[in-house]
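What follows is the content of upload_14.txt (compact mmCIF, C-alpha atoms).
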# COMPACT_ATOMS: atom_id res chain seq x y z
CA MET W 246 0.00 0.00 0.00
CA ILE W 247 1.38 3.36 -1.03
CA LEU W 248 1.64 5.89 1.76
CA TRP W 249 0.59 9.30 0.50
CA THR W 250 2.77 11.27 2.90
CA PHE W 251 2.27 14.44 0.95
CA LEU W 252 -1.48 14.47 1.63
CA LEU W 253 -2.64 14.12 5.20
CA PHE W 254 -6.14 15.46 5.72
CA SER W 255 -6.30 14.17 9.25
CA SER W 256 -3.20 16.09 10.30
CA ALA W 257 -4.18 19.37 8.68
CA ILE W 258 -4.02 22.09 11.31
CA ALA W 259 -7.35 23.82 11.76
CA SER W 260 -9.19 25.33 14.69
CA ASN W 261 -12.73 23.99 14.50
CA LEU W 262 -14.26 20.90 12.89
CA ILE W 263 -17.76 19.61 12.19
CA HIS W 264 -18.04 15.92 11.28
CA ILE W 265 -21.46 14.55 10.28
CA GLN W 266 -22.16 10.86 9.58
CA TYR W 267 -25.29 8.98 8.59
CA PHE W 268 -25.78 5.25 9.18
CA ARG W 269 -28.49 3.04 7.67
CA LYS W 270 -27.77 -0.32 9.31
CA PRO W 271 -28.10 -2.08 11.69
CA GLU W 272 -29.93 0.94 13.12
CA GLU W 273 -30.73 4.19 11.35
CA TYR W 274 -29.08 7.13 13.05
CA GLY W 275 -26.96 10.22 12.48
CA ARG W 276 -23.86 11.33 14.35
CA PHE W 277 -22.83 14.95 14.85
CA LEU W 278 -19.40 15.83 16.19
CA VAL W 279 -18.09 19.33 16.75
CA SER W 280 -14.44 19.65 17.77
CA LEU W 281 -13.21 23.10 18.84
CA ASN W 282 -9.79 24.59 19.52
CA ASN W 283 -7.83 21.83 17.77
CA GLY W 284 -9.75 19.07 19.53
CA THR W 285 -9.55 20.35 23.10
CA SER W 286 -13.36 20.64 23.33
CA LYS W 287 -15.70 18.07 21.76
CA TRP W 288 -19.45 17.63 21.71
CA LYS W 289 -20.94 14.49 20.13
CA SER W 290 -24.57 13.62 19.63
CA GLU W 291 -26.30 10.65 18.02
CA ILE W 292 -29.83 10.96 16.67
CA TYR W 293 -31.74 7.67 16.32
CA MET W 294 -34.81 7.22 14.15
CA ASN W 295 -38.06 7.16 16.10
CA ARG W 296 -41.12 8.09 14.06
CA ALA W 297 -43.09 8.80 17.22
CA VAL W 298 -40.81 11.76 18.12
CA ASN W 299 -41.80 14.35 15.54
CA LEU W 300 -40.15 17.54 16.81
CA ARG W 301 -40.40 20.93 15.15
CA GLU W 302 -37.19 22.90 14.56
CA GLU W 303 -37.89 25.26 17.46
CA GLU W 304 -38.30 22.24 19.75
CA ILE W 305 -35.02 20.78 18.55
CA TYR W 306 -33.34 24.14 19.20
CA LYS W 307 -34.53 24.09 22.82
CA LEU W 308 -32.91 20.66 23.23
CA ILE W 309 -29.56 21.38 21.63
CA LYS W 310 -28.92 24.91 22.96
CA PRO W 311 -28.16 23.87 26.57
CA PHE W 312 -26.20 20.87 25.27
CA PHE W 313 -23.80 22.96 23.20
CA GLU W 314 -23.62 25.74 25.78
CA GLY W 315 -22.67 23.27 28.51
CA ASP W 316 -19.38 21.46 29.07
CA PRO W 317 -18.20 19.11 26.30
CA SER W 318 -20.15 15.85 26.47
CA GLU W 319 -22.07 13.20 24.52
CA ARG W 320 -25.81 12.88 24.12
CA ARG W 321 -28.38 10.62 22.49
CA TYR W 322 -31.57 11.92 20.88
CA GLU W 323 -34.49 10.34 19.05
CA SER W 324 -36.29 11.96 16.16
CA ALA W 325 -38.72 11.27 13.34
CA SER W 326 -36.41 13.35 11.11
CA ILE W 327 -32.69 12.76 11.51
CA THR W 328 -32.10 15.30 8.72
CA ARG W 329 -34.03 18.03 10.54
CA HIS W 330 -32.23 17.35 13.82
CA LEU W 331 -28.73 17.26 12.28
CA GLY W 332 -29.55 20.34 10.24
CA LYS W 333 -30.53 22.34 13.32
CA GLN W 334 -27.28 21.37 15.05
CA PHE W 335 -25.29 22.27 11.93
CA GLU W 336 -27.01 25.66 11.78
CA TYR W 337 -26.50 26.33 15.48
CA ILE W 338 -22.76 25.64 15.41
CA LEU W 339 -22.16 27.56 12.16
CA ASN W 340 -23.86 30.59 13.69
CA ARG W 341 -21.87 30.26 16.92
CA TYR W 342 -18.30 29.40 15.85
CA PRO W 343 -16.00 29.89 12.83
CA ILE W 344 -15.51 26.47 11.23
CA ASP W 345 -12.34 25.54 9.35
CA ARG W 346 -13.03 21.91 8.49
CA LEU W 347 -16.06 19.90 7.41
CA ILE W 348 -16.34 16.14 6.98
CA PHE W 349 -19.51 14.54 5.62
CA GLU W 350 -19.92 10.76 5.46
CA ASN W 351 -22.66 8.94 3.56
CA LEU W 352 -25.31 11.61 3.88
CA CYS W 353 -28.80 10.72 2.68
CA SER W 354 -30.34 12.50 -0.29
CA GLN W 355 -32.29 14.96 1.88
CA MET W 356 -29.28 16.00 3.96
CA LYS W 357 -27.07 17.25 1.12
CA PRO W 358 -29.35 20.05 -0.15
CA LYS W 359 -30.43 20.97 3.39
CA PHE W 360 -26.87 21.41 4.66
CA SER W 361 -26.04 23.31 1.47
CA LEU W 362 -28.85 25.79 2.11
CA ILE W 363 -27.83 26.18 5.75
CA ILE W 364 -24.18 26.99 5.09
CA GLY W 365 -25.10 29.08 2.06
CA ALA W 366 -27.07 31.38 4.36
CA THR W 367 -23.90 32.11 6.38
CA ASN W 368 -20.55 33.69 5.54
CA GLN W 369 -18.67 30.51 6.42
CA LYS W 370 -16.12 29.25 3.85
CA PRO W 371 -14.31 26.29 5.48
CA LYS W 372 -10.83 25.72 4.07
CA TYR W 373 -10.87 21.93 4.42
CA ILE W 374 -13.72 19.85 2.98
CA LYS W 375 -14.07 16.08 2.83
CA TRP W 376 -16.90 13.97 1.39
CA VAL W 377 -17.10 10.21 1.89
CA VAL W 378 -19.70 8.53 -0.36
CA GLU W 379 -20.36 4.78 -0.46
CA HIS W 380 -24.09 4.48 -1.19
CA PRO W 381 -25.35 4.49 -4.81
CA THR W 382 -28.62 6.36 -4.32
CA ALA W 383 -27.57 8.50 -7.31
CA ALA W 384 -24.39 9.74 -8.94
CA PHE W 385 -22.75 12.01 -6.35
CA THR W 386 -22.60 15.70 -7.18
CA ILE W 387 -21.16 18.18 -4.71
CA PRO W 388 -24.10 20.23 -3.32
CA ASP W 389 -24.41 23.80 -4.59
CA ALA W 390 -22.92 25.79 -1.70
CA PHE W 391 -19.85 23.55 -1.59
CA GLN W 392 -19.05 23.90 -5.30
CA LYS W 393 -17.14 27.18 -5.06
CA GLU W 394 -15.04 29.19 -2.62
CA MET W 395 -14.84 26.22 -0.25
CA GLY W 396 -11.98 23.88 0.57
CA ARG W 397 -9.34 26.31 -0.67
CA GLU W 398 -6.61 24.56 1.32
CA GLU W 399 -7.78 20.99 0.81
CA TYR W 400 -10.71 19.26 -0.88
CA THR W 401 -11.15 15.50 -0.62
CA LEU W 402 -13.63 13.14 -2.27
CA GLU W 403 -13.65 9.46 -1.32
CA ILE W 404 -16.01 7.40 -3.49
CA GLY W 405 -16.40 3.75 -2.53
CA GLY W 406 -18.75 0.78 -2.65
CA ARG W 407 -21.03 1.03 -5.70
CA ALA W 408 -21.25 4.83 -5.62
CA LEU W 409 -20.54 6.89 -8.74
CA LEU W 410 -18.85 10.28 -8.93
CA SER W 411 -20.67 12.55 -11.38
CA THR W 412 -18.43 14.12 -14.05
CA GLU W 413 -20.13 17.46 -13.30
CA ASN W 414 -17.85 17.75 -10.26
CA PHE W 415 -14.77 18.14 -12.44
CA GLU W 416 -15.98 21.55 -13.65
CA PHE W 417 -16.53 23.05 -10.19
CA ASP W 418 -14.51 25.97 -8.90
CA ALA W 419 -13.86 24.27 -5.55
CA LEU W 420 -11.94 21.38 -7.12
CA LYS W 421 -10.13 23.52 -9.68
CA ASN W 422 -8.84 26.04 -7.14
CA THR W 423 -7.99 24.05 -4.03
CA GLN W 424 -4.30 23.81 -3.15
CA ASN W 425 -4.53 20.11 -2.28
CA LEU W 426 -6.95 17.89 -4.18
CA THR W 427 -7.58 14.25 -3.37
CA ILE W 428 -10.07 12.09 -5.29
CA LYS W 429 -10.05 8.45 -4.24
CA GLN W 430 -12.25 6.00 -6.12
CA THR W 431 -12.36 2.49 -4.72
CA THR W 432 -15.83 2.21 -6.23
CA GLU W 433 -16.74 -0.32 -8.92
CA TYR W 434 -17.63 2.59 -11.23
CA LYS W 435 -14.73 4.95 -11.81
CA ASN W 436 -14.91 8.31 -13.54
CA GLY W 437 -12.21 10.81 -14.41
CA PHE W 438 -11.12 14.13 -15.87
CA ASN W 439 -10.70 14.80 -19.55
CA SER W 440 -7.33 16.25 -20.55
CA GLU W 441 -8.38 19.89 -20.83
CA THR W 442 -10.12 19.93 -17.45
CA LEU W 443 -7.32 18.04 -15.70
CA VAL W 444 -4.68 20.66 -16.50
CA GLN W 445 -7.02 23.41 -15.31
CA LEU W 446 -6.51 22.19 -11.74
CA LYS W 447 -4.52 24.82 -9.82
CA GLY W 448 -3.51 22.58 -6.93
CA SER W 449 0.15 22.16 -6.13
CA THR W 450 -0.55 18.71 -4.69
CA VAL W 451 -2.97 16.45 -6.54
CA LEU W 452 -3.92 12.78 -6.10
CA VAL W 453 -6.64 11.64 -8.50
CA GLU W 454 -7.68 8.03 -8.86
CA GLY W 455 -10.04 6.84 -11.56
CA SER W 456 -10.21 6.86 -15.34
CA ASN W 457 -8.45 10.07 -16.42
CA ILE W 458 -7.19 11.27 -19.80
CA ILE W 459 -4.15 13.44 -20.53
CA LYS W 460 -2.84 14.66 -23.88
CA THR W 461 0.78 15.58 -24.53
CA GLU W 462 -0.13 19.04 -25.83
CA ASP W 463 -1.97 19.80 -22.58
CA LEU W 464 1.01 18.64 -20.55
CA MET W 465 3.19 21.07 -22.51
CA LYS W 466 0.77 23.89 -21.62
CA PHE W 467 1.01 22.81 -17.99
CA ALA W 468 4.83 22.84 -18.17
CA LYS W 469 4.91 26.28 -19.79
CA GLN W 470 2.75 27.70 -17.00
CA TRP W 471 5.27 26.34 -14.49
CA VAL W 472 8.28 27.65 -16.44
CA ASP W 473 6.64 31.09 -16.68
CA GLY W 474 6.01 31.16 -12.91
CA GLU W 475 2.24 30.93 -13.29
CA ARG W 476 1.87 27.60 -11.51
CA LYS W 477 3.15 26.04 -8.27
CA VAL W 478 3.82 22.30 -8.24
CA LYS W 479 4.75 19.99 -5.38
CA GLN W 480 3.54 16.57 -6.47
CA TRP W 481 0.84 15.14 -8.73
CA ILE W 482 -0.15 11.48 -9.06
CA VAL W 483 -3.02 10.78 -11.45
CA ASP W 484 -4.40 7.44 -12.65
CA LEU W 485 -4.73 7.26 -16.44
CA GLU W 486 -7.10 5.35 -18.70
CA ASP W 487 -4.67 4.46 -21.51
CA PRO W 488 -2.39 1.49 -20.62
CA ASP W 489 -0.09 2.15 -23.60
CA GLN W 490 0.62 5.83 -22.95
CA GLN W 491 4.22 6.57 -21.94
CA GLY W 492 6.58 9.53 -21.84
CA ARG W 493 9.15 11.48 -19.83
CA TRP W 494 9.85 15.22 -19.93
CA TYR W 495 12.04 17.60 -17.92
CA PHE W 496 11.80 21.38 -17.66
CA GLU W 497 13.88 23.95 -15.76
CA ARG W 498 13.14 27.14 -13.87
CA ALA W 499 15.39 28.93 -11.36
CA HIS W 500 17.61 25.89 -10.69
CA GLU W 501 14.61 23.60 -10.22
CA THR W 502 13.44 20.71 -12.40
CA LEU W 503 9.84 19.90 -13.29
CA ASP W 504 9.79 16.13 -13.84
CA ILE W 505 6.78 14.74 -15.75
CA SER W 506 6.43 11.01 -16.40
CA ILE W 507 3.74 8.70 -17.75
CA GLN W 508 4.16 4.99 -17.13
CA ASN W 509 1.99 2.05 -16.05
CA LYS W 510 -1.23 4.08 -16.34
CA LYS W 511 0.01 6.82 -14.01
CA LEU W 512 0.91 10.44 -14.56
CA LYS W 513 3.49 11.63 -12.03
CA ILE W 514 4.68 15.21 -11.72
CA LYS W 515 7.17 16.50 -9.18
CA VAL W 516 9.62 19.35 -8.66
CA TYR W 517 13.10 19.12 -7.19
CA GLU W 518 16.39 21.01 -7.16
CA THR W 519 18.27 20.51 -10.41
CA PRO W 520 21.39 18.39 -9.69
CA LYS W 521 24.76 19.73 -10.77
CA ARG W 522 25.39 16.58 -12.80
CA ARG W 523 21.97 15.88 -14.16
CA PRO W 524 21.46 12.57 -16.02
CA TYR W 525 18.72 13.99 -18.27
CA GLN W 526 18.19 16.63 -20.95
CA PHE W 527 15.65 19.42 -20.67
CA THR W 528 12.69 19.42 -23.01
CA HIS W 529 12.26 22.44 -25.30
CA LEU W 530 8.84 24.04 -25.34
Produce structure tokens that represent the structure in this file.
Amino acid sequence: MILWTFLLFSSAIASNLIHIQYFRKPEEYGRFLVSLNNGTSKWKSEIYMNRAVNLREEEIYKLIKPFFEGDPSERRYESASITRHLGKQFEYILNRYPIDRLIFENLCSQMKPKFSLIIGATNQKPKYIKWVVEHPTAAFTIPDAFQKEMGREEYTLEIGGRALLSTENFEFDALKNTQNLTIKQTTEYKNGFNSETLVQLKGSTVLVEGSNIIKTEDLMKFAKQWVDGERKVKQWIVDLEDPDQQGRWYFERAHETLDISIQNKKLKIKVYETPKRRPYQFTHL
């Protein structure tokens, strides 16, 4: 197993985190975790499905307000609408604290648009976003409010099980402009970027699994941007669709080498200090 040491979402330094999970089996429930001040204060609640407990939003607010205003603790609730209960907690915390990081795991179809509307009504723009999707209710598309100006430091998509990542996502501002992009696809149904869209990614660190396409002419445009100082690169690793595609190119800027290679269905790009006795020739643009 390859250790992606250059991408560590879990170790990213951020002040405040909201982590929301939804579980279907063996019991249906949602979990809401808020972690403040780099994990020094944590509140966790679990909301179990009980169709006899049909609370209005104002009733939910009366329950959660003393919980979040008290000392860090854990609590269990029951509700006829897990979405409504999680949404009210999400809204309460967003209106109370600045949030740097958001993690969403296996949200149901009603939760995604609701949470999008809630955060869209605030001025919050968390710098770290992570979606984990394993259920194939429909092809996953990032909800509206999370498509732009979010996840500027790091945006992560993990698509597993039989879930499908919609190709619409590859056009969104949030993925194109994050500094660190991770797309993992352990799913049976893999999607990927086309060549033109792939080189539009501005991230310095990129890990993209799936069925991606890259053309040599687009790689040369990418290299020219780096040579001209228009692009920062640390490391890219991208799965490719074509098993026969191969190539190796080197470019120089300010005593550094941009090393681009295609081999074994992988595109790898990295930058390092140009050695005094280099065993390679630079490519002319």
task: Please indicate the distance in Å from atom CA of Trp494 of chain W to atom CA of Tyr525 of chain W, rounded to one decimal place.
output: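 Going from atom CA of Trp494 of chain W over to atom CA of Tyr525 of chain W covers 9.1 Å.
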message: Which residue is closest to Thr461 of chain W? Choose from W:Phe496, W:Ile505, W:Phe335, W:Asp473 and count only C-alpha atoms.
response: W:Ile505
Leaving out Ile364 of chain W and any residue of its chain fewer than 3 positions from it, which residues lie within 8 Å of it when counting only C-alpha atoms, given as an mmCIF file with C-alpha atoms, keeping the file's coordinate frame?
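What ended up in around21.cif:
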data_model
loop_
_atom_site.group_PDB
_atom_site.id
_atom_site.type_symbol
_atom_site.label_atom_id
_atom_site.label_comp_id
_atom_site.auth_asym_id
_atom_site.auth_seq_id
_atom_site.Cartn_x
_atom_site.Cartn_y
_atom_site.Cartn_z
ATOM 1 C CA GLU W 336 -27.010 25.660 11.780
ATOM 2 C CA LEU W 339 -22.160 27.560 12.160
ATOM 3 C CA PHE W 360 -26.870 21.410 4.660
ATOM 4 C CA SER W 361 -26.040 23.310 1.470
ATOM 5 C CA THR W 367 -23.900 32.110 6.380
ATOM 6 C CA ASN W 368 -20.550 33.690 5.540
ATOM 7 C CA GLN W 369 -18.670 30.510 6.420
ATOM 8 C CA ALA W 390 -22.920 25.790 -1.700
#
task: With a distance cut-off of 8 Å and all atoms listed in the file, select the neighbouring residues of Ser324 of chain W, excluding the residue or stretch itself and same-chain residues fewer than 6 positions from it, and output the selection as a ChimeraX atom specification.
output: /W:292-300,330
field: Residue with smallest distance to Phe268 of chain W - pool W:Arg329, W:Lys370, W:Lys359, W:His380, counting only C-alpha atoms
entry: W:His380
- prompt: segment 475-482 of chain W: which residues within 10 Å, counting only C-alpha atoms, same-chain residues fewer than 5 positions away excluded, as a ChimeraX atom specification?
  reply: /W:249,251-252,424-427,446-454,467-470,503-507,511-517
Would you write out those residues with C-alpha atoms, as a PDB file, keeping the file's coordinate frame?
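Contents of again_1.pdb, as written:
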ATOM      1  CA  TRP W 249       0.590   9.300   0.500  1.00  0.00           C
ATOM      2  CA  PHE W 251       2.270  14.440   0.950  1.00  0.00           C
ATOM      3  CA  LEU W 252      -1.480  14.470   1.630  1.00  0.00           C
ATOM      4  CA  GLN W 424      -4.300  23.810  -3.150  1.00  0.00           C
ATOM      5  CA  ASN W 425      -4.530  20.110  -2.280  1.00  0.00           C
ATOM      6  CA  LEU W 426      -6.950  17.890  -4.180  1.00  0.00           C
ATOM      7  CA  THR W 427      -7.580  14.250  -3.370  1.00  0.00           C
ATOM      8  CA  LEU W 446      -6.510  22.190 -11.740  1.00  0.00           C
ATOM      9  CA  LYS W 447      -4.520  24.820  -9.820  1.00  0.00           C
ATOM     10  CA  GLY W 448      -3.510  22.580  -6.930  1.00  0.00           C
ATOM     11  CA  SER W 449       0.150  22.160  -6.130  1.00  0.00           C
ATOM     12  CA  THR W 450      -0.550  18.710  -4.690  1.00  0.00           C
ATOM     13  CA  VAL W 451      -2.970  16.450  -6.540  1.00  0.00           C
ATOM     14  CA  LEU W 452      -3.920  12.780  -6.100  1.00  0.00           C
ATOM     15  CA  VAL W 453      -6.640  11.640  -8.500  1.00  0.00           C
ATOM     16  CA  GLU W 454      -7.680   8.030  -8.860  1.00  0.00           C
ATOM     17  CA  PHE W 467       1.010  22.810 -17.990  1.00  0.00           C
ATOM     18  CA  ALA W 468       4.830  22.840 -18.170  1.00  0.00           C
ATOM     19  CA  LYS W 469       4.910  26.280 -19.790  1.00  0.00           C
ATOM     20  CA  GLN W 470       2.750  27.700 -17.000  1.00  0.00           C
ATOM     21  CA  LEU W 503       9.840  19.900 -13.290  1.00  0.00           C
ATOM     22  CA  ASP W 504       9.790  16.130 -13.840  1.00  0.00           C
ATOM     23  CA  ILE W 505       6.780  14.740 -15.750  1.00  0.00           C
ATOM     24  CA  SER W 506       6.430  11.010 -16.400  1.00  0.00           C
ATOM     25  CA  ILE W 507       3.740   8.700 -17.750  1.00  0.00           C
ATOM     26  CA  LYS W 511       0.010   6.820 -14.010  1.00  0.00           C
ATOM     27  CA  LEU W 512       0.910  10.440 -14.560  1.00  0.00           C
ATOM     28  CA  LYS W 513       3.490  11.630 -12.030  1.00  0.00           C
ATOM     29  CA  ILE W 514       4.680  15.210 -11.720  1.00  0.00           C
ATOM     30  CA  LYS W 515       7.170  16.500  -9.180  1.00  0.00           C
ATOM     31  CA  VAL W 516       9.620  19.350  -8.660  1.00  0.00           C
ATOM     32  CA  TYR W 517      13.100  19.120  -7.190  1.00  0.00           C
TER      33      TYR W 517
END
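Nearest residue to Glu273 of chain W, choosing from W:Asn422, W:Ser326, W:Ser354, W:Gln491 and counting all atoms listed in the file: W:Ser326.
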At most 10 Å is the cut-off: for each residue in segment 319-372 of chain W with any atom that close to an atom of segment 398-402 of chain W, write down the nearest atom pair and the distance in Å rounded to one decimal, counting all atoms listed in the file, chain first then increasing number, as a tab-separated table.
residue	atom	partner	partner_atom	distance
W:Asp345	CA	W:Glu398	CA	9.9
W:Arg346	CA	W:Glu399	CA	9.3
W:Leu347	CA	W:Tyr400	CA	9.9
W:Ile348	CA	W:Thr401	CA	9.2
W:Phe349	CA	W:Leu402	CA	9.9
W:Pro371	CA	W:Glu398	CA	8.9
W:Lys372	CA	W:Glu398	CA	5.2
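Within 7 Å of segment 413-421 of chain W there are Thr386, Ile387, Gln392, Lys393, Glu394, Met395, Gly396, Arg397, Tyr400, Leu426, Phe438, Gln445, Leu446 and Lys447 of chain W, counting only C-alpha atoms and ignoring same-chain residues fewer than 3 positions away.
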Find the residues around Tyr274 of chain W up to 12 Å (only C-alpha atoms counted), leave out those fewer than 3 positions away in its own chain, and share them as a PDB file with C-alpha atoms, in the coordinates of the input.
ATOM      1  CA  ILE W 265     -21.460  14.550  10.280  1.00  0.00           C
ATOM      2  CA  GLN W 266     -22.160  10.860   9.580  1.00  0.00           C
ATOM      3  CA  TYR W 267     -25.290   8.980   8.590  1.00  0.00           C
ATOM      4  CA  PHE W 268     -25.780   5.250   9.180  1.00  0.00           C
ATOM      5  CA  ARG W 269     -28.490   3.040   7.670  1.00  0.00           C
ATOM      6  CA  LYS W 270     -27.770  -0.320   9.310  1.00  0.00           C
ATOM      7  CA  PRO W 271     -28.100  -2.080  11.690  1.00  0.00           C
ATOM      8  CA  PHE W 277     -22.830  14.950  14.850  1.00  0.00           C
ATOM      9  CA  SER W 290     -24.570  13.620  19.630  1.00  0.00           C
ATOM     10  CA  GLU W 291     -26.300  10.650  18.020  1.00  0.00           C
ATOM     11  CA  ILE W 292     -29.830  10.960  16.670  1.00  0.00           C
ATOM     12  CA  TYR W 293     -31.740   7.670  16.320  1.00  0.00           C
ATOM     13  CA  MET W 294     -34.810   7.220  14.150  1.00  0.00           C
ATOM     14  CA  ASN W 295     -38.060   7.160  16.100  1.00  0.00           C
ATOM     15  CA  ARG W 321     -28.380  10.620  22.490  1.00  0.00           C
ATOM     16  CA  TYR W 322     -31.570  11.920  20.880  1.00  0.00           C
ATOM     17  CA  GLU W 323     -34.490  10.340  19.050  1.00  0.00           C
ATOM     18  CA  SER W 324     -36.290  11.960  16.160  1.00  0.00           C
ATOM     19  CA  ALA W 325     -38.720  11.270  13.340  1.00  0.00           C
ATOM     20  CA  SER W 326     -36.410  13.350  11.110  1.00  0.00           C
ATOM     21  CA  ILE W 327     -32.690  12.760  11.510  1.00  0.00           C
ATOM     22  CA  THR W 328     -32.100  15.300   8.720  1.00  0.00           C
ATOM     23  CA  HIS W 330     -32.230  17.350  13.820  1.00  0.00           C
ATOM     24  CA  LEU W 331     -28.730  17.260  12.280  1.00  0.00           C
ATOM     25  CA  ASN W 351     -22.660   8.940   3.560  1.00  0.00           C
ATOM     26  CA  LEU W 352     -25.310  11.610   3.880  1.00  0.00           C
ATOM     27  CA  CYS W 353     -28.800  10.720   2.680  1.00  0.00           C
TER      28      CYS W 353
END
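Taking atom CA of Pro343 of chain W and atom CA of Trp376 of chain W as the two end points, the separation is 19.6 Å.
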